[in-house]
$ cat input_11.csv   # CSV, C-alpha atoms
chain,number,residue,atom,x,y,z
A,155,MET,CA,98.4,7.0,-45.7
A,156,THR,CA,96.7,9.8,-43.8
A,157,ASP,CA,96.6,13.5,-44.4
A,158,SER,CA,97.5,15.4,-41.3
A,159,ASN,CA,95.8,18.6,-42.6
A,160,ASP,CA,92.4,16.8,-43.0
A,161,PRO,CA,90.3,17.5,-39.8
A,162,GLN,CA,88.0,14.5,-40.3
A,163,PRO,CA,89.6,11.1,-39.8
A,164,GLN,CA,89.5,8.9,-42.8
A,165,GLU,CA,87.5,6.1,-41.1
A,166,ASP,CA,84.6,8.6,-40.3
A,167,ARG,CA,83.9,9.7,-43.9
A,168,LEU,CA,81.3,8.1,-46.1
A,169,HIS,CA,82.3,6.5,-49.2
A,170,ASP,CA,82.4,9.0,-52.1
A,171,ALA,CA,79.9,7.1,-54.1
A,172,VAL,CA,77.4,7.2,-51.3
A,173,ILE,CA,78.0,10.9,-50.9
A,174,SER,CA,77.4,11.6,-54.5
A,175,GLU,CA,74.2,9.5,-54.5
A,176,LEU,CA,72.8,11.4,-51.5
A,177,ARG,CA,73.5,14.7,-53.1
A,178,GLU,CA,71.7,13.5,-56.2
A,179,SER,CA,68.6,12.5,-54.2
A,180,GLU,CA,68.4,15.8,-52.5
A,181,ARG,CA,68.4,17.6,-55.7
A,182,VAL,CA,65.5,15.6,-57.2
A,183,PRO,CA,62.3,15.3,-55.0
A,184,PHE,CA,60.9,11.8,-54.5
A,185,GLN,CA,57.9,11.1,-56.8
A,186,ILE,CA,55.0,9.1,-55.4
A,187,PRO,CA,53.3,7.2,-58.1
A,188,ALA,CA,49.8,8.5,-58.7
A,189,GLU,CA,48.4,5.0,-58.8
A,190,ARG,CA,49.6,4.4,-55.2
A,191,THR,CA,47.9,7.6,-54.1
A,192,GLU,CA,44.6,6.5,-55.7
A,193,ASN,CA,44.8,3.1,-54.0
A,194,ILE,CA,45.3,4.7,-50.6
A,195,LEU,CA,42.3,7.0,-51.1
A,196,ARG,CA,40.1,4.2,-52.4
A,197,ASP,CA,40.9,2.1,-49.3
A,198,ALA,CA,40.3,5.0,-47.0
A,199,ARG,CA,36.9,5.7,-48.5
A,200,ALA,CA,35.9,2.1,-48.4
A,201,TYR,CA,36.8,1.9,-44.7
A,202,LEU,CA,34.9,5.0,-43.7
A,203,ALA,CA,31.8,3.9,-45.6
A,204,SER,CA,31.8,0.5,-43.9
A,205,GLU,CA,31.8,2.1,-40.3
A,206,ARG,CA,28.4,1.9,-38.6
A,207,VAL,CA,27.5,5.2,-37.2
A,208,VAL,CA,25.8,4.8,-33.9
A,209,ARG,CA,23.3,7.6,-33.6
A,210,PRO,CA,22.3,8.4,-30.1
A,211,PRO,CA,18.6,8.1,-29.4
A,212,ARG,CA,16.6,11.1,-30.2
A,213,ARG,CA,15.8,13.4,-27.4
A,214,TRP,CA,12.1,12.9,-27.7
A,215,LEU,CA,12.4,9.2,-27.2
A,216,LYS,CA,14.2,9.9,-23.9
A,217,MET,CA,11.6,12.4,-22.8
A,218,THR,CA,8.7,10.0,-23.7
A,219,ALA,CA,10.4,7.2,-21.7
A,220,ALA,CA,10.9,9.5,-18.8
A,221,ILE,CA,7.3,10.8,-18.7
A,222,GLY,CA,6.0,7.3,-19.1
A,223,SER,CA,8.1,6.0,-16.2
A,224,VAL,CA,7.0,8.9,-13.9
A,225,CYS,CA,3.3,8.3,-14.8
A,226,ALA,CA,3.7,4.6,-14.1
A,227,ALA,CA,5.3,5.3,-10.7
A,228,LEU,CA,2.5,7.8,-9.8
A,229,LEU,CA,-0.2,5.3,-10.8
A,230,LEU,CA,1.3,2.6,-8.7
A,231,PHE,CA,1.2,4.8,-5.7
A,232,LEU,CA,-2.0,6.9,-6.1
A,233,VAL,CA,-4.6,4.7,-7.7
A,234,PRO,CA,-5.1,2.4,-4.7
A,235,GLN,CA,-5.8,5.5,-2.5
A,236,PHE,CA,-8.4,6.8,-4.9
A,237,MET,CA,-10.0,3.4,-5.2
A,238,ASP,CA,-10.5,3.1,-1.4
A,239,GLN,CA,-12.2,6.5,-1.3
A,240,ASP,CA,-14.7,5.7,-4.1
A,241,HIS,CA,-15.6,2.3,-2.6
A,242,ARG,CA,-16.3,3.8,0.8
A,243,THR,CA,-18.4,6.6,-0.6
A,244,LYS,CA,-20.6,4.3,-2.7
A,245,ARG,CA,-21.1,1.8,0.2
A,246,PHE,CA,-22.4,4.5,2.5
A,247,ALA,CA,-24.8,5.9,-0.1
A,248,GLU,CA,-26.3,2.5,-0.7
A,249,VAL,CA,-27.2,2.0,3.0
A,250,VAL,CA,-28.6,5.4,4.0
A,251,PRO,CA,-29.7,7.1,0.8
A,252,GLU,CA,-32.1,9.5,2.5
A,253,THR,CA,-29.4,11.3,4.4
A,254,ASP,CA,-27.3,14.1,3.0
A,255,LEU,CA,-24.4,13.3,0.9
A,256,LEU,CA,-21.6,14.4,3.2
A,257,SER,CA,-18.4,12.4,2.6
A,258,PRO,CA,-17.8,9.8,5.2
A,259,ARG,CA,-14.5,11.5,5.9
A,260,SER,CA,-16.3,14.2,7.8
A,261,ARG,CA,-17.5,11.6,10.3
A,262,ASP,CA,-13.9,10.9,11.3
A,263,ILE,CA,-14.5,12.9,14.6
A,264,ASP,CA,-11.1,12.0,16.2
A,265,GLY,CA,-9.2,12.5,12.9
A,266,ASN,CA,-7.4,9.2,12.9
A,267,GLY,CA,-8.2,8.6,9.3
A,268,THR,CA,-10.8,5.9,10.0
A,269,VAL,CA,-14.5,6.1,10.9
A,270,ASP,CA,-14.9,3.6,13.8
A,271,ILE,CA,-16.9,3.3,17.0
A,272,LEU,CA,-14.5,5.7,18.7
A,273,ASP,CA,-15.8,8.5,16.6
A,274,ALA,CA,-19.4,7.8,17.7
A,275,TYR,CA,-18.1,7.5,21.2
A,276,ALA,CA,-16.3,10.8,21.1
A,277,MET,CA,-19.4,12.4,19.5
A,278,ALA,CA,-21.7,11.0,22.2
A,279,ARG,CA,-19.4,12.3,25.0
A,280,GLY,CA,-19.2,15.7,23.3
A,281,ILE,CA,-23.0,16.0,23.0
A,282,GLN,CA,-23.3,14.8,26.6
A,283,SER,CA,-21.0,17.6,27.7
A,284,GLY,CA,-23.0,20.2,25.9
A,285,GLU,CA,-21.3,20.3,22.5
A,286,SER,CA,-23.3,22.3,20.0
A,287,GLY,CA,-22.9,23.4,16.4
A,288,ASP,CA,-23.8,22.0,13.1
A,289,GLN,CA,-20.5,20.3,12.3
A,290,TRP,CA,-21.9,17.0,13.7
A,291,ASP,CA,-25.5,17.5,12.5
A,292,PHE,CA,-25.3,14.6,10.0
A,293,THR,CA,-29.0,14.2,9.8
A,294,SER,CA,-29.4,17.9,8.9
A,295,ASP,CA,-32.4,18.3,11.3
A,296,GLY,CA,-30.9,21.2,13.1
A,297,GLN,CA,-30.3,19.1,16.3
A,298,LEU,CA,-27.4,17.2,17.8
A,299,ASN,CA,-28.8,14.0,19.2
A,300,GLU,CA,-28.6,10.2,19.2
A,301,ASP,CA,-29.6,10.1,15.5
A,302,ASP,CA,-26.4,11.8,14.5
A,303,VAL,CA,-24.4,9.5,16.7
A,304,ARG,CA,-26.2,6.5,15.3
A,305,LEU,CA,-25.2,7.5,11.8
A,306,VAL,CA,-21.6,7.6,12.7
A,307,ALA,CA,-21.8,4.3,14.5
A,308,LEU,CA,-23.6,2.7,11.5
A,309,ASP,CA,-20.9,3.9,9.2
A,310,ALA,CA,-18.3,2.3,11.4
A,311,VAL,CA,-19.9,-1.2,11.1
A,312,MET,CA,-20.7,-1.2,7.4
A,313,LEU,CA,-19.7,-4.4,5.7
B,243,MET,CA,43.2,2.6,-39.9
B,244,LYS,CA,42.5,2.3,-36.3
B,245,LYS,CA,39.5,4.1,-35.0
B,246,GLN,CA,39.7,5.1,-31.4
B,247,ASN,CA,36.5,4.7,-29.4
B,248,SER,CA,36.4,7.6,-27.0
B,249,LYS,CA,32.7,7.4,-25.9
B,250,ARG,CA,32.1,8.3,-22.3
B,251,ARG,CA,30.1,5.7,-20.4
B,252,SER,CA,28.1,7.9,-18.0
B,253,LEU,CA,24.4,7.6,-17.0
B,254,PRO,CA,22.4,10.5,-18.2
B,255,PHE,CA,21.1,12.8,-15.4
B,256,CYS,CA,17.4,12.2,-16.4
B,257,TRP,CA,17.8,8.5,-16.1
B,258,MET,CA,19.3,8.9,-12.6
B,259,VAL,CA,16.4,11.1,-11.6
B,260,LEU,CA,13.9,8.5,-12.9
B,261,ILE,CA,15.6,5.6,-11.1
B,262,VAL,CA,15.6,7.5,-7.8
B,263,LEU,CA,11.9,8.5,-8.3
B,264,ASP,CA,10.8,5.0,-9.1
B,265,ALA,CA,12.7,3.6,-6.2
B,266,VAL,CA,11.1,6.1,-3.8
B,267,SER,CA,7.6,5.4,-5.2
B,268,LEU,CA,8.1,1.7,-5.0
B,269,SER,CA,9.2,1.8,-1.4
B,270,MET,CA,6.3,4.1,-0.5
B,271,ALA,CA,3.9,1.7,-2.1
B,272,MET,CA,5.4,-1.2,-0.3
B,273,ASP,CA,5.1,0.6,3.0
B,274,ARG,CA,1.4,1.2,2.5
B,275,GLU,CA,0.9,-2.6,2.0
B,276,THR,CA,2.7,-3.4,5.2
B,277,ALA,CA,0.5,-3.8,8.2
B,278,PRO,CA,0.8,-0.9,10.7
B,279,PRO,CA,2.7,-1.9,13.8
B,280,ASP,CA,-0.4,-1.6,16.1
B,281,VAL,CA,-2.5,-4.2,14.1
B,282,VAL,CA,-3.9,-6.9,16.4
B,283,GLU,CA,-3.6,-10.5,15.2
B,284,PRO,CA,-6.9,-12.1,14.5
B,285,ILE,CA,-8.4,-14.5,17.0
B,286,ILE,CA,-9.5,-17.9,15.9
B,287,SER,CA,-12.3,-19.6,17.9
B,288,GLN,CA,-13.9,-22.9,17.4
B,289,ILE,CA,-17.5,-23.9,18.4
B,290,GLU,CA,-18.0,-27.6,18.7
B,291,GLY,CA,-20.9,-29.3,17.0
B,292,PRO,CA,-22.4,-32.7,16.8
B,293,SER,CA,-20.8,-35.1,14.4
B,294,ASP,CA,-23.6,-37.6,14.1
B,295,ILE,CA,-26.2,-35.6,12.2
B,296,PRO,CA,-27.0,-35.6,8.5
B,297,ALA,CA,-25.3,-33.1,6.2
B,298,ASP,CA,-28.5,-31.3,5.4
B,299,ASP,CA,-29.5,-31.0,9.1
B,300,VAL,CA,-30.2,-27.4,10.1
B,301,ARG,CA,-30.0,-26.3,13.7
B,302,PHE,CA,-29.6,-23.1,15.7
B,303,GLU,CA,-26.9,-22.2,18.1
B,304,ALA,CA,-26.3,-19.2,20.3
B,305,VAL,CA,-22.7,-18.1,20.9
B,306,ASP,CA,-21.5,-15.5,23.4
B,307,LEU,CA,-19.0,-12.8,22.6
B,308,ILE,CA,-16.8,-12.5,25.7
B,309,VAL,CA,-14.4,-9.7,26.3
B,310,ASP,CA,-11.9,-9.6,29.1
B,311,SER,CA,-10.7,-6.0,29.7
B,312,GLY,CA,-8.8,-6.7,32.8
B,313,GLU,CA,-9.0,-4.0,35.4
B,314,SER,CA,-9.9,-1.3,32.9
B,315,PRO,CA,-13.6,-0.4,32.4
B,316,LEU,CA,-14.7,-1.2,28.8
B,317,ALA,CA,-16.1,2.0,27.3
B,318,ALA,CA,-16.0,1.3,23.6
B,319,TRP,CA,-15.4,-1.8,21.4
B,320,GLN,CA,-15.5,-2.9,17.8
B,321,LEU,CA,-14.6,-6.1,16.2
B,322,GLU,CA,-15.3,-8.1,13.1
B,323,ILE,CA,-16.4,-11.7,13.1
B,324,GLN,CA,-16.3,-14.0,10.2
B,325,SER,CA,-17.0,-17.7,9.9
B,326,ARG,CA,-14.2,-19.8,8.3
B,327,SER,CA,-16.5,-22.8,8.0
B,328,PRO,CA,-19.4,-23.3,5.6
B,329,GLY,CA,-23.0,-23.6,6.6
B,330,VAL,CA,-23.1,-20.7,9.0
B,331,GLU,CA,-25.5,-17.8,8.9
B,332,ILE,CA,-26.1,-15.1,11.5
B,333,VAL,CA,-29.8,-14.8,12.2
B,334,GLY,CA,-29.9,-12.6,15.3
B,335,ILE,CA,-27.7,-10.4,17.4
B,336,GLU,CA,-28.4,-9.7,21.1
B,337,GLY,CA,-26.9,-7.4,23.6
B,338,GLY,CA,-24.6,-8.3,26.6
B,339,GLU,CA,-25.0,-9.1,30.2
B,340,HIS,CA,-23.9,-5.7,31.8
B,341,LYS,CA,-26.5,-3.0,31.7
B,342,ALA,CA,-24.1,-0.7,29.8
B,343,TYR,CA,-24.2,-3.1,26.9
B,344,HIS,CA,-27.7,-4.6,27.4
B,345,GLU,CA,-28.9,-3.1,24.1
B,346,PRO,CA,-27.8,-4.9,20.9
B,347,PRO,CA,-24.5,-3.6,19.5
B,348,TYR,CA,-24.4,-1.6,16.3
B,349,TYR,CA,-24.2,-3.8,13.2
B,350,ASP,CA,-24.9,-3.6,9.5
B,351,PRO,CA,-28.3,-5.1,8.7
B,352,LYS,CA,-26.6,-7.0,5.8
B,353,ALA,CA,-24.9,-9.1,8.5
B,354,ILE,CA,-28.1,-11.0,9.0
B,355,ARG,CA,-28.2,-14.1,6.8
B,356,ASN,CA,-24.5,-13.5,6.3
B,357,ASP,CA,-21.5,-15.3,7.8
B,358,ARG,CA,-19.7,-12.0,8.6
B,359,ALA,CA,-20.5,-9.1,10.8
B,360,VAL,CA,-18.9,-6.0,12.2
B,361,LEU,CA,-20.1,-5.4,15.7
B,362,ALA,CA,-19.5,-2.3,17.8
B,363,GLY,CA,-20.8,-0.7,21.0
B,364,PHE,CA,-20.0,2.0,23.4
B,365,SER,CA,-21.4,3.4,26.7
B,366,THR,CA,-21.0,6.8,28.3
B,367,ASP,CA,-22.4,5.5,31.6
B,368,ASP,CA,-20.5,5.8,34.8
B,369,GLU,CA,-20.8,2.1,35.5
B,370,LEU,CA,-18.9,0.1,32.9
B,371,PRO,CA,-18.0,-3.6,32.9
B,372,SER,CA,-14.4,-4.6,33.6
B,373,GLY,CA,-12.8,-8.0,33.6
B,374,ARG,CA,-14.6,-10.8,31.8
B,375,SER,CA,-18.0,-9.9,30.5
B,376,ARG,CA,-20.4,-11.0,27.7
B,377,ILE,CA,-20.9,-8.0,25.5
B,378,ALA,CA,-23.1,-9.6,22.8
B,379,ARG,CA,-24.7,-12.8,21.8
B,380,LEU,CA,-25.0,-14.2,18.2
B,381,HIS,CA,-27.7,-16.5,17.1
B,382,LEU,CA,-26.5,-18.7,14.3
B,383,GLN,CA,-28.1,-21.1,11.9
B,384,LEU,CA,-25.8,-24.0,11.3
B,385,GLU,CA,-26.2,-26.6,8.6
B,386,GLY,CA,-24.5,-30.0,8.8
B,387,PRO,CA,-22.3,-31.7,11.4
B,388,GLY,CA,-19.0,-30.8,12.9
B,389,PRO,CA,-17.4,-27.8,14.5
B,390,ARG,CA,-17.4,-24.3,13.2
B,391,GLU,CA,-14.4,-22.0,13.2
B,392,PHE,CA,-14.6,-18.3,13.5
B,393,LYS,CA,-12.1,-15.5,12.9
B,394,MET,CA,-12.4,-12.4,15.0
B,395,GLN,CA,-10.5,-9.2,14.3
B,396,VAL,CA,-10.5,-6.7,17.2
B,397,ASN,CA,-10.6,-3.2,15.8
B,398,VAL,CA,-11.2,-1.2,19.0
B,399,MET,CA,-11.0,-1.9,22.7
B,400,ALA,CA,-11.0,1.3,24.6
B,401,THR,CA,-11.6,2.6,28.1
B,402,VAL,CA,-12.9,6.0,29.2
B,403,ASP,CA,-11.6,8.9,27.1
B,404,GLY,CA,-11.1,6.5,24.2
B,405,LYS,CA,-7.8,5.2,25.4
B,406,PRO,CA,-7.0,1.8,23.9
B,407,ILE,CA,-6.7,-1.1,26.3
B,408,PRO,CA,-5.3,-4.6,25.7
B,409,ALA,CA,-8.6,-6.5,26.0
B,410,THR,CA,-9.1,-10.0,24.6
B,411,ALA,CA,-12.1,-11.4,22.9
B,412,SER,CA,-13.4,-14.9,22.5
B,413,LEU,CA,-16.5,-16.9,21.4
B,414,GLN,CA,-18.1,-19.6,23.4
B,415,LYS,CA,-21.3,-21.5,23.2
B,416,SER,CA,-24.1,-19.9,25.2
B,417,THR,CA,-25.2,-21.7,28.4
B,418,ILE,CA,-28.8,-20.6,28.2

$ encode --input "input_11.csv" --output "structure tokens"
Amino acid sequence: MTDSNDPQPQEDRLHDAVISELRESERVPFQIPAERTENILRDARAYLASERVVRPPRRWLKMTAAIGSVCAALLLFLVPQFMDQDHRTKRFAEVVPETDLLSPRSRDIDGNGTVDILDAYAMARGIQSGESGDQWDFTSDGQLNEDDVRLVALDAVML
Amino acid sequence: MKKQNSKRRSLPFCWMVLIVLDAVSLSMAMDRETAPPDVVEPIISQIEGPSDIPADDVRFEAVDLIVDSGESPLAAWQLEIQSRSPGVEIVGIEGGEHKAYHEPPYYDPKAIRNDRAVLAGFSTDDELPSGRSRIARLHLQLEGPGPREFKMQVNVMATVDGKPIPATASLQKSTI
């Protein structure tokens, strides 16, 4: 039996018992047991304590590694050059100790980075054509002559 | 509880700089070890010797250093000679056949009684040898039988004005 004045159809309404129960729950807030709250907090703390915190390396460790790597790279490149220079200087001093201690590098007349017979040859041709000046006076005797050329040639053939 | 890992995986800038610097240094160091493009390959020469003599037998041989400069006049030369066989000592060094190189070449006195020498010579004369010419003679003390092998490294072969020329060098027994 339907009521024509009722706007909501009968089959859409909840059961009265359900309606009353819902109204009852809205009036009284839901109570979470304290024990359950404590359990949740305890589990959370235990979880956070067990996490391994990965600390990033200290900044100074990075800087040390960076500086060490740069130094190693520079040593790899620069040390062989310095060793070649020292060896060449000692070798010349052993053979002609009475001459002045000019670095063999100044005897590189043609500037090709090596003291060879071409330097002596260039020097001889220069002297022959009237070259003067003390830049080639390797014997420090105030003269440009065969003795200076000979010094350069001897330096070229050193073992 | 799920923990989200939101770490960024990016290479720090300082490490990138280091890697680039090390790579550049390493490549530069390797370039220095590489032989320059104009290095001449060493020449290997063999001097025959008697095979029927005792091992402690000592003899003397003279070997000629021959240079063939082709059509270019030889104005300056430098090369290194080293014995690859035992029982070889250099006991004397003479000059060449052409008057421009008649005087003995330049050499380190330590080459005497040694098995290695760097020889060099030049001439500013107007008349210079061209083609095949003996530029030096080595007097050797040899001990024992068999041939002797020598390695020659040409450092300089130049004509007038110091221009390099493609000259060849060889060793052969003297015919004196």

$ interface_residues --input "input_11.csv" --of "chain B" --to "chain A" --cutoff "9 Å" --atoms "all atoms listed in the file" --output "ChimeraX atom specification"
/B:243,256-257,260,263-265,267-268,270-271,274,317-322,348-353,358-366,397-398,400,403-404

$ atom_distance --input "input_11.csv" --atom1 "CA of Ala304 (chain B)" --atom2 "CA of Ala378 (chain B)"
10.4 Å

$ atom_distance --input "input_11.csv" --atom1 "CA of Pro296 (chain B)" --atom2 "CA of Ile354 (chain B)"
24.6 Å

$ atom_distance --input "input_11.csv" --atom1 "CA of Ser179 (chain A)" --atom2 "CA of Thr191 (chain A)"
21.3 Å

$ closest_residue --input "input_11.csv" --among "B:Pro292, B:Pro387, B:Pro371, B:Pro284" --to "His344 (chain B)" --atoms "all atoms listed in the file"
B:Pro371

$ residues_around --input "input_11.csv" --residues "Met394 (chain B)" --least-positions-apart "3" --cutoff "8 Å" --atoms "only C-alpha atoms" --output "MDAnalysis selection string"
chainID B and resid 284:287 321:324 411:412

$ residues_around --input "input_11.csv" --residues "Pro408 (chain B)" --least-positions-apart "6" --cutoff "9 Å" --atoms "only C-alpha atoms" --output "ChimeraX atom specification"
/B:310-312,399-400

$ write_last_selection --input "input_11.csv" --atoms "C-alpha atoms" --output "PDB file, in the coordinates of the input"
ATOM      1  CA  ASP B 310     -11.900  -9.600  29.100  1.00  0.00           C
ATOM      2  CA  SER B 311     -10.700  -6.000  29.700  1.00  0.00           C
ATOM      3  CA  GLY B 312      -8.800  -6.700  32.800  1.00  0.00           C
ATOM      4  CA  MET B 399     -11.000  -1.900  22.700  1.00  0.00           C
ATOM      5  CA  ALA B 400     -11.000   1.300  24.600  1.00  0.00           C
TER       6      ALA B 400
END

$ closest_residue --input "input_11.csv" --among "B:Val266, B:Val305, B:Ser325, B:Asp367" --to "Glu391 (chain B)" --atoms "only C-alpha atoms"
B:Ser325

$ residues_near_point --input "input_11.csv" --point "(-28.0, -17.5, 20.0)" --cutoff "8 Å" --atoms "all atoms listed in the file" --output "list in words"
Phe302, Glu303, Ala304, Val305, Asp306, Gly334, Ile335, Glu336, Arg379, Leu380, His381, Leu382 and Ser416 of chain B

$ write_last_selection --input "input_11.csv" --atoms "C-alpha atoms" --output "mmCIF file, in the coordinates of the input"
data_model
loop_
_atom_site.group_PDB
_atom_site.id
_atom_site.type_symbol
_atom_site.label_atom_id
_atom_site.label_comp_id
_atom_site.auth_asym_id
_atom_site.auth_seq_id
_atom_site.Cartn_x
_atom_site.Cartn_y
_atom_site.Cartn_z
ATOM 1 C CA PHE B 302 -29.600 -23.100 15.700
ATOM 2 C CA GLU B 303 -26.900 -22.200 18.100
ATOM 3 C CA ALA B 304 -26.300 -19.200 20.300
ATOM 4 C CA VAL B 305 -22.700 -18.100 20.900
ATOM 5 C CA ASP B 306 -21.500 -15.500 23.400
ATOM 6 C CA GLY B 334 -29.900 -12.600 15.300
ATOM 7 C CA ILE B 335 -27.700 -10.400 17.400
ATOM 8 C CA GLU B 336 -28.400 -9.700 21.100
ATOM 9 C CA ARG B 379 -24.700 -12.800 21.800
ATOM 10 C CA LEU B 380 -25.000 -14.200 18.200
ATOM 11 C CA HIS B 381 -27.700 -16.500 17.100
ATOM 12 C CA LEU B 382 -26.500 -18.700 14.300
ATOM 13 C CA SER B 416 -24.100 -19.900 25.200
#
